[in-house]
$ cat input.cif   # mmCIF, C-alpha atoms (C1' of nucleotides)
data_model
#
loop_
_atom_site.label_atom_id
_atom_site.label_comp_id
_atom_site.auth_asym_id
_atom_site.auth_seq_id
_atom_site.Cartn_x
_atom_site.Cartn_y
_atom_site.Cartn_z
CA MET L 1 0.00 0.00 0.00
CA ARG L 2 1.23 3.44 -0.76
CA GLN L 3 1.50 5.93 2.01
CA ASP L 4 3.68 8.86 1.04
CA ASP L 5 3.12 8.98 -2.66
CA ALA L 6 2.11 12.44 -3.69
CA GLY L 7 2.54 15.34 -1.31
CA VAL L 8 0.95 17.95 -3.49
CA ASP L 9 0.93 20.84 -1.11
CA LEU L 10 0.39 19.40 2.32
CA GLU L 11 4.02 18.58 2.72
CA THR L 12 4.97 22.20 2.16
CA SER L 13 2.55 23.57 4.75
CA LEU L 14 4.08 24.46 8.07
CA GLY L 15 0.67 24.12 9.68
CA TYR L 16 0.31 20.54 8.51
CA LEU L 17 3.86 19.79 9.54
CA LEU L 18 3.20 21.22 12.96
CA LYS L 19 0.21 18.96 13.35
CA GLU L 20 2.22 16.01 12.14
CA ALA L 21 5.04 16.69 14.60
CA SER L 22 2.62 17.16 17.44
CA SER L 23 0.89 13.92 16.55
CA ALA L 24 4.17 12.05 16.41
CA LEU L 25 5.17 13.46 19.78
CA ARG L 26 1.84 12.50 21.28
CA VAL L 27 2.08 8.97 19.97
CA ALA L 28 5.63 8.61 21.26
CA MET L 29 4.65 9.91 24.68
CA GLU L 30 1.62 7.64 24.91
CA GLU L 31 3.86 4.75 24.01
CA VAL L 32 6.29 5.28 26.88
CA LEU L 33 3.61 6.38 29.33
CA ARG L 34 1.26 3.44 28.73
CA PRO L 35 3.45 0.91 30.59
CA LEU L 36 3.27 3.27 33.56
CA GLY L 37 -0.51 3.39 33.37
CA MET L 38 -0.44 7.08 32.65
CA SER L 39 -1.96 9.21 29.90
CA VAL L 40 -0.39 12.34 28.47
CA THR L 41 -2.84 14.65 30.23
CA HIS L 42 -2.33 12.67 33.40
CA TYR L 43 1.40 13.20 33.17
CA SER L 44 1.06 16.85 32.19
CA CYS L 45 -0.97 17.54 35.29
CA LEU L 46 1.55 15.89 37.59
CA GLU L 47 4.51 17.55 35.93
CA LEU L 48 2.88 20.98 36.16
CA LEU L 49 2.17 20.37 39.82
CA ALA L 50 5.74 19.32 40.47
CA GLN L 51 7.15 22.43 38.84
CA ARG L 52 4.56 24.85 40.16
CA PRO L 53 3.10 23.56 43.43
CA GLY L 54 -0.20 25.06 44.45
CA LEU L 55 -1.59 25.54 40.97
CA SER L 56 -5.38 25.65 40.80
CA ASN L 57 -7.58 23.46 38.66
CA SER L 58 -8.09 26.22 36.09
CA GLU L 59 -4.41 27.03 35.93
CA LEU L 60 -3.56 23.37 35.44
CA ALA L 61 -6.12 23.21 32.65
CA ARG L 62 -4.51 26.12 30.84
CA GLY L 63 -1.09 24.59 31.30
CA ALA L 64 -2.20 21.26 29.88
CA PHE L 65 -4.24 22.82 27.07
CA VAL L 66 -7.57 21.33 28.09
CA THR L 67 -10.72 22.89 29.52
CA ARG L 68 -11.05 23.35 33.24
CA GLN L 69 -13.93 20.85 33.24
CA THR L 70 -11.70 18.19 31.75
CA MET L 71 -8.93 18.93 34.20
CA ASN L 72 -11.41 18.78 37.04
CA VAL L 73 -12.40 15.25 36.08
CA LEU L 74 -8.76 14.21 36.00
CA LEU L 75 -7.93 16.03 39.21
CA GLN L 76 -10.75 14.34 41.09
CA ALA L 77 -9.49 10.97 39.92
CA LEU L 78 -5.92 11.82 40.92
CA GLU L 79 -7.17 13.01 44.28
CA ARG L 80 -9.21 9.86 44.77
CA ASP L 81 -6.19 7.71 43.96
CA GLY L 82 -3.95 9.64 46.30
CA TYR L 83 -1.60 11.34 43.86
CA VAL L 84 -2.77 14.84 44.60
CA THR L 85 -4.22 16.74 47.53
CA ARG L 86 -6.49 19.74 47.64
CA PRO L 87 -7.77 21.50 50.72
CA THR L 88 -11.48 20.99 51.38
CA ALA L 89 -12.02 24.71 51.83
CA ALA L 90 -10.53 27.46 49.71
CA PRO L 91 -7.98 29.62 51.56
CA VAL L 92 -9.02 32.54 49.40
CA GLY L 93 -11.91 32.88 46.98
CA LYS L 94 -12.89 29.59 45.39
CA VAL L 95 -9.40 28.65 44.26
CA LEU L 96 -8.24 25.27 45.56
CA PRO L 97 -4.45 25.00 45.35
CA ALA L 98 -3.40 21.46 44.43
CA ARG L 99 -0.23 19.71 45.55
CA LEU L 100 1.47 16.41 44.84
CA THR L 101 1.48 13.77 47.53
CA PRO L 102 4.64 11.73 48.08
CA ARG L 103 2.96 8.98 46.10
CA GLY L 104 2.26 11.39 43.26
CA ARG L 105 5.84 12.58 43.31
CA ARG L 106 7.12 9.04 43.25
CA SER L 107 4.84 8.07 40.39
CA LEU L 108 5.93 11.13 38.45
CA GLU L 109 9.62 10.29 38.66
CA LYS L 110 9.50 7.37 36.25
CA ALA L 111 7.16 9.23 33.93
CA THR L 112 9.45 12.22 33.80
CA ALA L 113 12.38 10.03 32.90
CA ALA L 114 10.35 8.33 30.18
CA VAL L 115 9.15 11.59 28.70
CA ARG L 116 12.58 13.10 28.88
CA SER L 117 13.92 10.19 26.85
CA VAL L 118 11.30 10.89 24.21
CA GLU L 119 12.32 14.52 24.05
CA VAL L 120 15.96 13.55 23.79
CA ARG L 121 15.11 11.22 20.94
CA MET L 122 13.12 13.96 19.25
CA LEU L 123 16.04 16.33 19.45
CA ALA L 124 18.57 13.78 18.24
CA GLY L 125 20.12 14.88 15.01
CA MET L 126 19.65 18.56 15.71
CA THR L 127 22.47 20.86 16.72
CA GLY L 128 22.09 23.30 19.58
CA THR L 129 21.78 26.09 17.08
CA GLU L 130 19.00 24.31 15.24
CA GLN L 131 17.19 23.69 18.50
CA SER L 132 17.40 27.35 19.38
CA ALA L 133 16.07 28.25 15.97
CA ALA L 134 13.20 25.82 16.36
CA PHE L 135 12.49 27.26 19.78
CA ARG L 136 12.30 30.79 18.47
CA SER L 137 10.20 29.74 15.49
CA LEU L 138 7.62 28.00 17.63
CA ARG L 139 7.49 30.90 20.04
CA SER L 140 6.94 33.25 17.15
CA MET L 141 4.13 31.13 15.71
CA ILE L 142 2.37 30.93 19.06
CA HIS L 143 2.65 34.65 19.56
CA SER L 144 1.36 35.46 16.09
CA LEU L 145 -1.57 33.07 16.38
CA ARG L 146 -2.66 34.40 19.76
CA ASP L 147 -2.24 38.03 18.78
CA GLY L 148 -4.55 37.67 15.85
CA SER L 149 -7.28 35.77 17.66
CA ASP L 150 -7.90 37.18 21.10
CA GLY L 151 -5.85 40.30 20.61
CA ALA L 152 -7.75 41.79 17.72
CA MET V 1 -5.10 36.22 38.12
CA ARG V 2 -1.59 35.23 37.23
CA GLN V 3 -1.01 33.17 34.16
CA ASP V 4 2.61 33.25 33.10
CA ASP V 5 4.33 33.67 36.42
CA ALA V 6 6.98 31.05 36.81
CA GLY V 7 8.10 28.95 33.85
CA VAL V 8 10.47 26.73 35.76
CA ASP V 9 11.37 24.31 33.05
CA LEU V 10 8.31 23.89 30.91
CA GLU V 11 9.05 27.00 28.93
CA THR V 12 12.43 25.63 27.93
CA SER V 13 11.09 22.32 26.69
CA LEU V 14 10.70 22.00 22.96
CA GLY V 15 8.15 19.27 23.48
CA TYR V 16 5.95 21.50 25.58
CA LEU V 17 6.39 24.34 23.12
CA LEU V 18 5.40 22.05 20.28
CA LYS V 19 2.24 21.09 22.10
CA GLU V 20 1.55 24.73 22.84
CA ALA V 21 2.00 25.76 19.22
CA SER V 22 -0.16 22.92 18.00
CA SER V 23 -2.85 23.85 20.48
CA ALA V 24 -2.76 27.49 19.41
CA LEU V 25 -3.02 26.46 15.77
CA ARG V 26 -5.91 24.17 16.52
CA VAL V 27 -7.77 26.88 18.41
CA ALA V 28 -7.18 29.38 15.64
CA MET V 29 -8.40 26.94 13.00
CA GLU V 30 -11.49 26.02 14.97
CA GLU V 31 -12.23 29.69 15.32
CA VAL V 32 -12.25 30.42 11.60
CA LEU V 33 -13.85 27.09 10.68
CA ARG V 34 -16.73 27.32 13.16
CA PRO V 35 -18.63 30.01 11.18
CA LEU V 36 -18.48 27.63 8.24
CA GLY V 37 -19.92 24.80 10.29
CA MET V 38 -16.78 22.75 9.88
CA SER V 39 -14.43 21.07 12.30
CA VAL V 40 -10.70 20.68 11.83
CA THR V 41 -10.95 16.98 11.04
CA HIS V 42 -13.82 17.70 8.69
CA TYR V 43 -11.70 20.24 6.85
CA SER V 44 -8.64 18.02 6.86
CA CYS V 45 -10.58 15.26 5.18
CA LEU V 46 -11.90 17.54 2.44
CA GLU V 47 -8.53 19.16 1.84
CA LEU V 48 -6.81 15.79 1.56
CA LEU V 49 -9.42 14.67 -0.90
CA ALA V 50 -8.99 17.81 -2.98
CA GLN V 51 -5.25 17.36 -3.19
CA ARG V 52 -5.25 13.60 -3.59
CA PRO V 53 -8.51 12.47 -5.19
CA GLY V 54 -9.35 8.81 -4.74
CA LEU V 55 -7.83 8.40 -1.30
CA SER V 56 -9.30 5.56 0.72
CA ASN V 57 -10.77 5.81 4.18
CA SER V 58 -7.63 4.41 5.81
CA GLU V 59 -5.36 6.70 3.86
CA LEU V 60 -7.45 9.70 4.80
CA ALA V 61 -7.26 8.63 8.42
CA ARG V 62 -3.48 8.51 8.31
CA GLY V 63 -3.37 11.89 6.62
CA ALA V 64 -5.59 13.47 9.23
CA PHE V 65 -3.88 11.71 12.15
CA VAL V 66 -6.94 9.87 13.41
CA THR V 67 -7.87 6.18 13.39
CA ARG V 68 -9.61 4.70 10.39
CA GLN V 69 -12.69 4.10 12.53
CA THR V 70 -12.95 7.77 13.36
CA MET V 71 -12.45 8.76 9.75
CA ASN V 72 -15.07 6.25 8.70
CA VAL V 73 -17.68 7.91 10.90
CA LEU V 74 -16.81 11.31 9.42
CA LEU V 75 -16.72 9.97 5.88
CA GLN V 76 -20.16 8.41 6.22
CA ALA V 77 -21.53 11.74 7.44
CA LEU V 78 -19.87 13.61 4.59
CA GLU V 79 -21.23 11.07 2.15
CA ARG V 80 -24.72 11.35 3.60
CA ASP V 81 -24.59 15.14 3.32
CA GLY V 82 -23.37 15.02 -0.26
CA TYR V 83 -19.84 16.37 0.12
CA VAL V 84 -18.12 13.15 -0.83
CA THR V 85 -18.82 10.13 -3.04
CA ARG V 86 -17.64 6.59 -2.75
CA PRO V 87 -18.47 3.74 -5.11
CA THR V 88 -20.80 1.14 -3.66
CA ALA V 89 -18.50 -1.66 -4.76
CA ALA V 90 -14.74 -1.69 -4.48
CA PRO V 91 -13.00 -1.60 -7.88
CA VAL V 92 -10.17 -3.58 -6.36
CA GLY V 93 -9.93 -5.31 -3.01
CA LYS V 94 -12.00 -3.64 -0.33
CA VAL V 95 -10.59 -0.17 -0.89
CA LEU V 96 -13.24 2.43 -1.66
CA PRO V 97 -11.69 5.48 -3.33
CA ALA V 98 -13.41 8.67 -2.17
CA ARG V 99 -13.89 11.82 -4.21
CA LEU V 100 -15.25 15.29 -3.60
CA THR V 101 -18.59 16.19 -5.10
CA PRO V 102 -19.01 19.66 -6.62
CA ARG V 103 -20.76 20.60 -3.42
CA GLY V 104 -17.84 19.36 -1.37
CA ARG V 105 -15.44 21.28 -3.54
CA ARG V 106 -17.48 24.44 -3.19
CA SER V 107 -17.71 24.05 0.56
CA LEU V 108 -13.99 23.51 0.77
CA GLU V 109 -13.13 26.71 -1.05
CA LYS V 110 -14.12 29.03 1.77
CA ALA V 111 -12.56 26.78 4.35
CA THR V 112 -9.28 26.67 2.47
CA ALA V 113 -9.20 30.44 2.31
CA ALA V 114 -9.94 30.70 6.01
CA VAL V 115 -7.27 28.19 6.97
CA ARG V 116 -4.76 29.77 4.66
CA SER V 117 -5.31 33.10 6.40
CA VAL V 118 -4.55 31.41 9.71
CA GLU V 119 -1.34 29.97 8.36
CA VAL V 120 -0.36 33.36 6.95
CA ARG V 121 -0.99 34.91 10.33
CA MET V 122 1.05 32.19 12.02
CA LEU V 123 3.98 32.86 9.72
CA ALA V 124 3.79 36.62 10.09
CA GLY V 125 6.96 37.96 11.62
CA MET V 126 9.12 35.16 10.31
CA THR V 127 11.51 35.56 7.45
CA GLY V 128 11.69 33.03 4.65
CA THR V 129 14.91 31.75 6.11
CA GLU V 130 13.34 31.26 9.51
CA GLN V 131 10.42 29.44 7.94
CA SER V 132 12.78 27.10 6.15
CA ALA V 133 14.63 26.48 9.36
CA ALA V 134 11.38 25.72 11.17
CA PHE V 135 10.39 23.42 8.34
CA ARG V 136 13.61 21.45 8.59
CA SER V 137 13.45 21.34 12.36
CA LEU V 138 9.94 19.92 12.41
CA ARG V 139 10.81 17.38 9.74
CA SER V 140 13.80 16.30 11.75
CA MET V 141 11.75 15.91 14.92
CA ILE V 142 9.12 13.83 13.15
CA HIS V 143 11.75 11.63 11.62
CA SER V 144 13.58 11.10 14.90
CA LEU V 145 10.39 10.32 16.80
CA ARG V 146 9.20 7.79 14.24
CA ASP V 147 12.55 6.13 13.85
CA GLY V 148 12.76 5.41 17.53
CA SER V 149 9.25 4.06 17.91
CA ASP V 150 8.27 1.86 15.00
CA GLY V 151 11.72 1.69 13.46
CA ALA V 152 13.59 0.10 16.33
"C1'" DC W 1 -3.12 -24.22 -6.14
"C1'" DT W 2 -3.26 -23.45 -1.21
"C1'" DC W 3 -2.21 -21.26 2.83
"C1'" DT W 4 -0.76 -17.59 5.43
"C1'" DC W 5 -0.15 -12.86 6.18
"C1'" DC W 6 -1.41 -7.88 5.79
"C1'" DG W 7 -4.38 -4.09 4.93
"C1'" DT W 8 -9.03 -2.76 4.56
"C1'" DG W 9 -14.12 -1.39 5.73
"C1'" DT W 10 -17.19 -1.54 9.32
"C1'" DC W 11 -19.90 -2.45 13.69
"C1'" DA W 12 -20.08 -1.88 18.74
"C1'" DG W 13 -18.79 -0.10 23.24
"C1'" DC W 14 -16.02 2.79 26.08
"C1'" DT W 15 -13.13 6.72 27.29
"C1'" DT W 16 -11.82 11.30 26.89
"C1'" DT W 17 -12.87 15.87 26.00
"C1'" DC W 18 -15.87 19.58 25.15
"C1'" DT W 19 -20.02 22.81 25.52
"C1'" DG W 20 -23.57 24.66 28.45
"C1'" DA W 21 -25.02 26.08 32.81
"C1'" DC W 22 -25.11 27.39 37.69
"C1'" DA W 23 -23.59 29.53 42.03
"C1'" DC W 24 -20.02 31.77 44.50
"C1'" DG W 25 -15.98 34.94 45.94
"C1'" DG W 26 -13.00 38.93 45.07
"C1'" DA W 27 -11.78 43.43 42.64
"C1'" DG W 28 -13.01 47.78 40.87
"C1'" DC W 29 -16.12 51.70 40.50
"C1'" DA W 30 -19.66 54.89 41.94
"C1'" DT I 1 -22.20 50.86 50.84
"C1'" DG I 2 -23.94 48.49 46.68
"C1'" DC I 3 -23.29 46.91 41.88
"C1'" DT I 4 -21.11 45.01 38.20
"C1'" DC I 5 -17.69 42.36 36.21
"C1'" DC I 6 -14.40 38.43 36.00
"C1'" DG I 7 -12.53 34.11 37.27
"C1'" DT I 8 -13.40 29.97 39.63
"C1'" DG I 9 -15.20 25.03 40.92
"C1'" DT I 10 -18.49 21.89 39.63
"C1'" DC I 11 -22.46 19.20 37.65
"C1'" DA I 12 -24.74 17.32 33.53
"C1'" DG I 13 -25.28 16.12 28.74
"C1'" DA I 14 -23.32 15.79 24.11
"C1'" DA I 15 -19.71 15.16 20.82
"C1'" DA I 16 -15.46 13.25 19.19
"C1'" DG I 17 -11.99 9.93 19.36
"C1'" DC I 18 -10.12 5.39 20.49
"C1'" DT I 19 -9.73 0.19 21.28
"C1'" DG I 20 -11.51 -4.31 20.24
"C1'" DA I 21 -13.42 -7.32 17.02
"C1'" DC I 22 -15.06 -9.37 12.74
"C1'" DA I 23 -15.10 -10.69 7.80
"C1'" DC I 24 -13.14 -10.03 3.37
"C1'" DG I 25 -9.76 -9.39 -0.68
"C1'" DG I 26 -5.05 -9.37 -2.56
"C1'" DA I 27 -0.02 -10.66 -2.44
"C1'" DG I 28 3.59 -13.69 -1.60
"C1'" DA I 29 5.71 -18.31 -0.10
"C1'" DG I 30 5.42 -23.06 -0.24
#

$ encode --input "input.cif" --output "C-alpha cells"
Amino acid sequence: MRQDDAGVDLETSLGYLLKEASSALRVAMEEVLRPLGMSVTHYSCLELLAQRPGLSNSELARGAFVTRQTMNVLLQALERDGYVTRPTAAPVGKVLPARLTPRGRRSLEKATAAVRSVEVRMLAGMTGTEQSAAFRSLRSMIHSLRDGSDGA
Amino acid sequence: MRQDDAGVDLETSLGYLLKEASSALRVAMEEVLRPLGMSVTHYSCLELLAQRPGLSNSELARGAFVTRQTMNVLLQALERDGYVTRPTAAPVGKVLPARLTPRGRRSLEKATAAVRSVEVRMLAGMTGTEQSAAFRSLRSMIHSLRDGSDGA
DNA sequence: CTCTCCGTGTCAGCTTTCTGACACGGAGCA
DNA sequence: TGCTCCGTGTCAGAAAGCTGACACGGAGAG
C-alpha cells in the first residue's frame, strides 16, 4: 500500500507539519507512558504540579491545554487515587491549590524520565543552534496566532 | 489572576512548546472554521481529498492523524450530506476510493481560504529563512520520533 | 493451487474531552 | 455601601476519538 506517494501541497505547509510533529510526539509519549498506566494529560498535570506547586484546577487546565472541566475530572481521579491533595475549603476565593502527595511525586519520577527520553530522541540529530532556531520559530508562531485571535 | 508567572522548566522544553503551538493552531483553525460549520478533522478530510482524489478511508485517516474508525464515521456523514462520493463496490480489493462532489469542492473553497489566512498569520513575523529552518526542524523531529518508535 | 499474512471497511462499546449552565468569591467603580 | 464584572469550581449532557473485534480481498511463499 502506498503511504507517502504524492505530497501535493500538504508537505509544504508548516501548519500541517506542525500537526504532524505534534501527533508524532503525542504517539511517542503515549507509548512510553502506557506501561506506567499514565496518559499524556495525566502526566502533564503531575509535571505541572511538580514544577509549580499550588496551581489551581483552572491554571492546570490552561497549562495542559484542556478545559477546566476536563482537568477537574482528572484532578478528582488523581485526588481519589492519592496522587494529589487539595484543601477541602478554599484559603481565598474559590481557588483550591493542588499539591502532589509523596505517592504522586514518586509516580511522576518514572514518567518524567520516560518523557525526557522521548524529548531527547526527538532532538537527536539537531544541533544546539537548530534547536534554538526551532524554539524561536515555535514561540513566534504561538505569539502570532494568539495576537490575531484574542488580541484583535 | 496570574497566568505566566513562573516557567520553571516547561518554557524551555521544545516538546511542551510544540504542544503549545499545536494547540494554538488548533484553536485558531477552529475559530475560523466554526462560522463555516466545519471542524478541523472535517476540513482536513476535504482538503486531503482535494489534493489527492481517490484516497481511501484508511489513507485519509493517516493523513488526518486519526484512526480509520474515526475517519469512517466522518466519511459516512460527509457522504450522507453530499460532500463526498464513494463507489458502492470496491474496484479492487475492499478499498473504496473517495472523491469530492461539486458541493464538497465548493464548501472547501471558503474553508481553504480561512485556513490559509490562519497559516499566513502564524507565519507573520518570520523571514523566509526562519520558515525554512522551522520546516527542517519539524521534519527532523518527526523523523527522529518515528525512527525510535516503530523503526527500532 | 493453497495457505498464510497484511491491509481494509465496518460495527459496537467505552473513554476522553468539550459545551452549556449554575452559584459563588474577590476586585473595581460609583 | 452596593453593583457590576471576571474568574473559579463543579455538575450534567453531548460530541469526538479510540480500542476491540469481525469478515473479506489481494499478495507472496510453499

$ atom_distance --input "input.cif" --atom1 "CA of Thr70 in chain L" --atom2 "CA of Pro35 in chain L"
23.0 Å

$ interface_residues --input "input.cif" --of "chain L" --to "chain V" --cutoff "8 Å" --atoms "only C-alpha atoms" --output "MDAnalysis selection string"
chainID L and resid 3 6 8:9 14:15 17:25 28 51:52 59 65 118:119 121:126 130:131 133:135 137:142 144:146 148:149

$ interface_residues --input "input.cif" --of "chain V" --to "chain W" --cutoff "9 Å" --atoms "all atoms listed in the file" --output "list in words"
Asn57, Ser58, Arg68, Gln69, Asn72, Gly93, Lys94, Val95 and Leu96 of chain V

$ write_last_selection --input "input.cif" --atoms "C-alpha atoms" --output "PDB file, in the coordinates of the input"
ATOM      1  CA  ASN V  57     -10.770   5.810   4.180  1.00  0.00           C
ATOM      2  CA  SER V  58      -7.630   4.410   5.810  1.00  0.00           C
ATOM      3  CA  ARG V  68      -9.610   4.700  10.390  1.00  0.00           C
ATOM      4  CA  GLN V  69     -12.690   4.100  12.530  1.00  0.00           C
ATOM      5  CA  ASN V  72     -15.070   6.250   8.700  1.00  0.00           C
ATOM      6  CA  GLY V  93      -9.930  -5.310  -3.010  1.00  0.00           C
ATOM      7  CA  LYS V  94     -12.000  -3.640  -0.330  1.00  0.00           C
ATOM      8  CA  VAL V  95     -10.590  -0.170  -0.890  1.00  0.00           C
ATOM      9  CA  LEU V  96     -13.240   2.430  -1.660  1.00  0.00           C
TER      10      LEU V  96
END

$ interface_residues --input "input.cif" --of "chain I" --to "chain L" --cutoff "9 Å" --atoms "only C-alpha atoms (C1' of nucleotides)" --output "number ranges by chain"
I: 8-10

$ resolve_selection --input "input.cif" --expression "the PyMOL selection byres ((chain L and resi 87) around 12)" --output "JSON list (two decimals) with C-alpha atoms, in the frame of the given file"
[["chain", "number", "residue", "atom", "x", "y", "z"],
["L", 54, "GLY", "CA", -0.20, 25.06, 44.45],
["L", 56, "SER", "CA", -5.38, 25.65, 40.80],
["L", 79, "GLU", "CA", -7.17, 13.01, 44.28],
["L", 84, "VAL", "CA", -2.77, 14.84, 44.60],
["L", 85, "THR", "CA", -4.22, 16.74, 47.53],
["L", 86, "ARG", "CA", -6.49, 19.74, 47.64],
["L", 88, "THR", "CA", -11.48, 20.99, 51.38],
["L", 89, "ALA", "CA", -12.02, 24.71, 51.83],
["L", 90, "ALA", "CA", -10.53, 27.46, 49.71],
["L", 91, "PRO", "CA", -7.98, 29.62, 51.56],
["L", 92, "VAL", "CA", -9.02, 32.54, 49.40],
["L", 94, "LYS", "CA", -12.89, 29.59, 45.39],
["L", 95, "VAL", "CA", -9.40, 28.65, 44.26],
["L", 96, "LEU", "CA", -8.24, 25.27, 45.56],
["L", 97, "PRO", "CA", -4.45, 25.00, 45.35],
["L", 98, "ALA", "CA", -3.40, 21.46, 44.43],
["L", 99, "ARG", "CA", -0.23, 19.71, 45.55]]

$ residues_around --input "input.cif" --residues "Gly104 in chain L" --least-positions-apart "4" --cutoff "8 Å" --atoms "only C-alpha atoms (C1' of nucleotides)" --output "compact mmCIF listing (two decimals) with C-alpha atoms, in the coordinates of the input"
# COMPACT_ATOMS: atom_id res chain seq x y z
CA LEU L 46 1.55 15.89 37.59
CA GLY L 82 -3.95 9.64 46.30
CA TYR L 83 -1.60 11.34 43.86
CA VAL L 84 -2.77 14.84 44.60
CA LEU L 100 1.47 16.41 44.84
CA LEU L 108 5.93 11.13 38.45

$ atom_distance --input "input.cif" --atom1 "CA of Arg106 in chain V" --atom2 "CA of Gly37 in chain V"
13.7 Å

$ atom_distance --input "input.cif" --atom1 "CA of Val40 in chain V" --atom2 "C1' of DG17 in chain I"
13.2 Å

$ axis_aligned_box --input "input.cif" --around "range 16-29 of chain W" --padding-each-side "4 Å" --output "lines of an AutoDock Vina configuration file"
center_x = -18.4
center_y = 31.5
center_z = 35.5
size_x = 21.3
size_y = 48.4
size_z = 28.8

$ decode --input "input.cif" --residues "range 101-121 of chain L" --atoms "N, CA and C atoms" --output "CSV table (one decimal), in the first residue's frame"
chain,number,residue,atom,x,y,z
L,101,THR,N,1.2,14.6,46.3
L,101,THR,CA,1.5,13.8,47.5
L,101,THR,C,2.8,13.1,47.3
L,102,PRO,N,3.4,12.5,48.3
L,102,PRO,CA,4.6,11.7,48.1
L,102,PRO,C,4.4,10.6,47.0
L,103,ARG,N,3.3,10.0,47.1
L,103,ARG,CA,3.0,9.0,46.1
L,103,ARG,C,2.9,9.6,44.7
L,104,GLY,N,2.3,10.7,44.6
L,104,GLY,CA,2.3,11.4,43.3
L,104,GLY,C,3.7,11.7,42.8
L,105,ARG,N,4.5,12.2,43.7
L,105,ARG,CA,5.8,12.6,43.3
L,105,ARG,C,6.6,11.4,42.9
L,106,ARG,N,6.4,10.3,43.6
L,106,ARG,CA,7.1,9.0,43.2
L,106,ARG,C,6.7,8.5,41.9
L,107,SER,N,5.4,8.6,41.7
L,107,SER,CA,4.8,8.1,40.4
L,107,SER,C,5.3,8.9,39.2
L,108,LEU,N,5.5,10.2,39.5
L,108,LEU,CA,5.9,11.1,38.5
L,108,LEU,C,7.4,10.9,38.0
L,109,GLU,N,8.2,10.4,38.9
L,109,GLU,CA,9.6,10.3,38.7
L,109,GLU,C,9.9,9.4,37.4
L,110,LYS,N,9.3,8.3,37.4
L,110,LYS,CA,9.5,7.4,36.2
L,110,LYS,C,9.0,8.0,35.0
L,111,ALA,N,7.8,8.6,35.1
L,111,ALA,CA,7.2,9.2,33.9
L,111,ALA,C,8.0,10.3,33.4
L,112,THR,N,8.6,11.1,34.3
L,112,THR,CA,9.5,12.2,33.8
L,112,THR,C,10.6,11.7,33.0
L,113,ALA,N,11.2,10.6,33.6
L,113,ALA,CA,12.4,10.0,32.9
L,113,ALA,C,12.0,9.5,31.5
L,114,ALA,N,10.8,8.9,31.5
L,114,ALA,CA,10.4,8.3,30.2
L,114,ALA,C,10.1,9.4,29.2
L,115,VAL,N,9.5,10.5,29.6
L,115,VAL,CA,9.2,11.6,28.7
L,115,VAL,C,10.4,12.3,28.3
L,116,ARG,N,11.3,12.5,29.2
L,116,ARG,CA,12.6,13.1,28.9
L,116,ARG,C,13.3,12.3,27.8
L,117,SER,N,13.2,11.0,27.9
L,117,SER,CA,13.9,10.2,26.9
L,117,SER,C,13.3,10.4,25.5
L,118,VAL,N,12.0,10.6,25.5
L,118,VAL,CA,11.3,10.9,24.2
L,118,VAL,C,11.8,12.2,23.6
L,119,GLU,N,11.9,13.2,24.5
L,119,GLU,CA,12.3,14.5,24.1
L,119,GLU,C,13.8,14.5,23.5
L,120,VAL,N,14.6,13.7,24.2
L,120,VAL,CA,16.0,13.6,23.8
L,120,VAL,C,16.0,12.9,22.4
L,121,ARG,N,15.2,11.9,22.2
L,121,ARG,CA,15.1,11.2,20.9
L,121,ARG,C,14.6,12.2,19.9
